[in-house]
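Colleague: For reference, the structure I am asking about is given below.
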Amino acid sequence: MTTGKLLWGSTRYFINIEPNTNLFSTALGGTVSFHDKSGLINERLCKNLHEVVKTVFEFWATILAPHETRVARWIEEFLQEMGINADYKLILRLLKTDTILEKPIEDLIVDTKTLDTRKQEESWDIEEDTRVIGKENTLSELPDDEYAKKELIFKIIEDNKYNYPEKVKSTNSFRAPDGKLITAEKDNSIFVGEGIGDFVIKSELENEYDAPIKDIKIIDQIPYCFKINKIDIHGAEVDPLKNKNDEFLEIIWNIPELAPKQKFQAKYNFRRRINRTILEILDKKIINTLNVFETIKTEGLQFVSKTKYLNVHNRIINELYITDDIPPEFEIQRSNPDVIPPSGTIEKAKMKGTTIRWLHKNVNMGQVLTKTYQLDYYPYLFRAKKVVENESGEIIIKSAKFIYLKSTESGYTILYVIKSTKNLDGVVSIEDKIPLMHVITRKNPEDIQIIEENKDNYKKMTLILDVPKENEEQRVYLKISGDTSPMLETFSIFLNSQGEKEVLERKSEVFRDLIRLPE
């Protein structure tokens, strides 16, 4: 079966482009593949539009003598057939040049300094546990060329975006029994929570000495892109202090003493906020960038975010760019005002969620711009459950599989959770599959045994692990790299290598969580 669009002038060869976003710009990248009627010949992963058009031209040139205008028109037509509003002139320009910007962006920005954003925080109704992060960029020049200017603005926005981290830092210090001051720093992983939209961070410190430790201080750095809903503490009765740092909220725990083997734990339940990046072009040499963090609130059975911008400057803002990154577990249903080009565009980047981009020109002093987003909640791309029963029909193993997005790079994460209800001997094996071209880039625990086997159109994975102890659970995380969608399929689970036919599998269900009020 052929894939892609036939080359003009050929009856045998095809090129296919799988873009990583539905928004046409110089940042559009993706996979370009070259085919004939018998199948795939070659493919290449492209980081941006410049690499895409050059790759198409190179593949084309292996068969026919291409011309830039012909290739540019072919690419424009291909993307438009996919619903992407392509610009022929920009494509042609990229085919004829090595770069749009004559100078690197670092050379155009001659100075950067921190902005005092107290006025913005007061006028924009910023919540107490967050802040506005601002920078003033002084340019040597703002390009007059339309495409070069757009490229510069896009790069500045992307370079100043605030991404959702996968881990957060924690530092602790205490006085050991011998009087020595001990300090340490560690990364706390972020886990998917049990509630709707919830994520969890656990910060812990255990006294491993045979005598008390004293003067304990724990500082957890919570990025402003997280809204803390609840903190559960165990091991000490203490109220935390809060300090708004430049880039994160510090939760500070001062604990007088921990007895031998006593453990202190702080469990944070939070929800991700909308990350808003604002770019203000004040004149041809001054561009301000601001990071704002908007909370997603529950109103009845809906999730809503209301954002506000007010021009606090004593001048008109020539051009104002607002970029709202919606957390990948939410999907936008509607907005007010409507997102209508050219003032508003919706970008759905593959495996990275949704971005709303706004452009406003000539924003007057004191002018207020409000946006309201109504969102639906999808906690995972996919969830499946299975159980293993013994001959008496008792459930002896519960298991589940989750697929969810990575927020900072291409790819996704698969999480397997296995829990035993009895003390069992032996090993558990899980059989699953991923697309043939996808690669496991990281696994946790690192010593988990995984056997991979390539099939015709997918890659078979077999995970082997010890049976968890009674009422304990084992979690296995696989980070998968791939620019195409994951396979939303269930899995098979077996207890021990023998007697697989004896394992009973309850029918698996694949579903999305229903929307409900948080507890």
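Residues are named by chain letter and number: chains run A, B, ... in the order of the structure tokens, numbers start at 1 in each chain, and ligands are numbered from 1 in the order shown.
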Please provide as number ranges by chain all residues within 10 Å of Pro143 in chain A, with the sequence filter that same-chain residues fewer than 2 positions apart are discarded (counting only C-alpha atoms).

Modeller: A: 101-102, 108, 139-141, 145-152, 284

Colleague: Can you tell me, as a ChimeraX atom specification, which residues in range 258-355 of chain A count as strand (DSSP E) by DSSP?

Modeller: /A:258,263-272,274-281,286-294,297-299,302-310,317-326,330-336,344-349,353-355

Colleague: Gly426 in chain A: which residues within 8 Å, counting only C-alpha atoms, same-chain residues fewer than 5 positions away excluded, as a PyMOL selection string?

Modeller: chain A and resi 466-467+495-496

Colleague: May I have the residues within 8 Å of Glu250 in chain A as a PyMOL selection string, using only C-alpha atoms and disregarding those fewer than 5 positions away in the same chain?

Modeller: chain A and resi 219-222+242-245

Colleague: Write out as a list in words the residues lying within 9 Å of Phe303 in chain A, counting only C-alpha atoms and excluding same-chain residues fewer than 6 positions away.

Modeller: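 Final neighbour list, sorted by chain and number: Ile296, Lys297, Phe330, Tyr373, Gln374, Leu375, Asp376 and Tyr377 of chain A.
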
Colleague: Counting only C-alpha atoms, what is within 8 Å of Asn318 in chain A, bar same-chain residues fewer than 4 positions away, as an mmCIF file with N, CA and C atoms, in the first residue's frame?

Modeller:
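Final output, saved to result-v9.cif:
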data_model
loop_
_atom_site.group_PDB
_atom_site.id
_atom_site.type_symbol
_atom_site.label_atom_id
_atom_site.label_comp_id
_atom_site.auth_asym_id
_atom_site.auth_seq_id
_atom_site.Cartn_x
_atom_site.Cartn_y
_atom_site.Cartn_z
ATOM 1 N N GLU A 280 5.562 41.562 24.878
ATOM 2 C CA GLU A 280 5.144 42.941 24.588
ATOM 3 C C GLU A 280 6.213 43.611 23.729
ATOM 4 N N ILE A 281 5.843 44.044 22.530
ATOM 5 C CA ILE A 281 6.761 44.838 21.696
ATOM 6 C C ILE A 281 6.444 46.301 21.942
ATOM 7 N N LEU A 282 7.311 46.961 22.709
ATOM 8 C CA LEU A 282 7.059 48.357 23.087
ATOM 9 C C LEU A 282 7.554 49.324 22.028
ATOM 10 N N ASP A 283 8.687 48.983 21.412
ATOM 11 C CA ASP A 283 9.182 49.755 20.261
ATOM 12 C C ASP A 283 10.114 48.828 19.490
ATOM 13 N N LYS A 361 -2.852 44.094 18.410
ATOM 14 C CA LYS A 361 -2.073 45.248 17.959
ATOM 15 C C LYS A 361 -2.653 46.528 18.541
ATOM 16 N N ASN A 362 -1.742 47.460 18.845
ATOM 17 C CA ASN A 362 -2.112 48.786 19.347
ATOM 18 C C ASN A 362 -3.022 48.683 20.585
ATOM 19 N N VAL A 363 -2.470 48.071 21.645
ATOM 20 C CA VAL A 363 -3.203 47.923 22.903
ATOM 21 C C VAL A 363 -3.038 49.211 23.705
#

Colleague: For Asn137 in chain A, work out the shell of residues within 8 Å, counting only C-alpha atoms and skipping chain neighbours fewer than 4 positions away, then give it as a list in words.

Modeller: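 Neighbouring residues, sequence-local ones excluded: Ile109, Val110, Asp111, Thr112, Lys113, Ile286, Ile287, Asn288 and Thr289 of chain A.
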
Colleague: Go ahead and dump the residues you just picked, N, CA, C and O atoms, as a PDB file, in the first residue's frame.

Modeller:
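Wrote it out as out38.pdb, contents follow:
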ATOM      1  N   ILE A 109      19.845  40.142  20.568  1.00  0.00           N
ATOM      2  CA  ILE A 109      19.520  40.588  21.925  1.00  0.00           C
ATOM      3  C   ILE A 109      20.806  41.050  22.600  1.00  0.00           C
ATOM      4  O   ILE A 109      21.682  40.255  22.932  1.00  0.00           O
ATOM      5  N   VAL A 110      20.926  42.356  22.801  1.00  0.00           N
ATOM      6  CA  VAL A 110      22.169  42.919  23.333  1.00  0.00           C
ATOM      7  C   VAL A 110      22.153  43.028  24.858  1.00  0.00           C
ATOM      8  O   VAL A 110      23.198  43.138  25.488  1.00  0.00           O
ATOM      9  N   ASP A 111      20.947  42.986  25.464  1.00  0.00           N
ATOM     10  CA  ASP A 111      20.893  43.100  26.922  1.00  0.00           C
ATOM     11  C   ASP A 111      19.576  42.506  27.420  1.00  0.00           C
ATOM     12  O   ASP A 111      18.537  42.620  26.770  1.00  0.00           O
ATOM     13  N   THR A 112      19.635  41.843  28.580  1.00  0.00           N
ATOM     14  CA  THR A 112      18.444  41.281  29.225  1.00  0.00           C
ATOM     15  C   THR A 112      18.515  41.588  30.713  1.00  0.00           C
ATOM     16  O   THR A 112      19.548  41.374  31.339  1.00  0.00           O
ATOM     17  N   LYS A 113      17.430  42.100  31.263  1.00  0.00           N
ATOM     18  CA  LYS A 113      17.404  42.377  32.698  1.00  0.00           C
ATOM     19  C   LYS A 113      16.051  42.000  33.279  1.00  0.00           C
ATOM     20  O   LYS A 113      15.044  41.923  32.562  1.00  0.00           O
ATOM     21  N   ILE A 286      12.803  47.379  22.274  1.00  0.00           N
ATOM     22  CA  ILE A 286      12.462  46.861  23.595  1.00  0.00           C
ATOM     23  C   ILE A 286      11.342  45.827  23.482  1.00  0.00           C
ATOM     24  O   ILE A 286      10.259  46.122  22.972  1.00  0.00           O
ATOM     25  N   ILE A 287      11.617  44.603  23.944  1.00  0.00           N
ATOM     26  CA  ILE A 287      10.617  43.536  23.996  1.00  0.00           C
ATOM     27  C   ILE A 287      10.603  42.974  25.417  1.00  0.00           C
ATOM     28  O   ILE A 287      11.631  42.549  25.935  1.00  0.00           O
ATOM     29  N   ASN A 288       9.425  42.992  26.043  1.00  0.00           N
ATOM     30  CA  ASN A 288       9.263  42.398  27.366  1.00  0.00           C
ATOM     31  C   ASN A 288       8.676  40.997  27.235  1.00  0.00           C
ATOM     32  O   ASN A 288       7.777  40.765  26.415  1.00  0.00           O
ATOM     33  N   THR A 289       9.163  40.075  28.049  1.00  0.00           N
ATOM     34  CA  THR A 289       8.555  38.744  28.144  1.00  0.00           C
ATOM     35  C   THR A 289       8.124  38.513  29.584  1.00  0.00           C
ATOM     36  O   THR A 289       8.854  38.843  30.522  1.00  0.00           O
TER      37      THR A 289
END
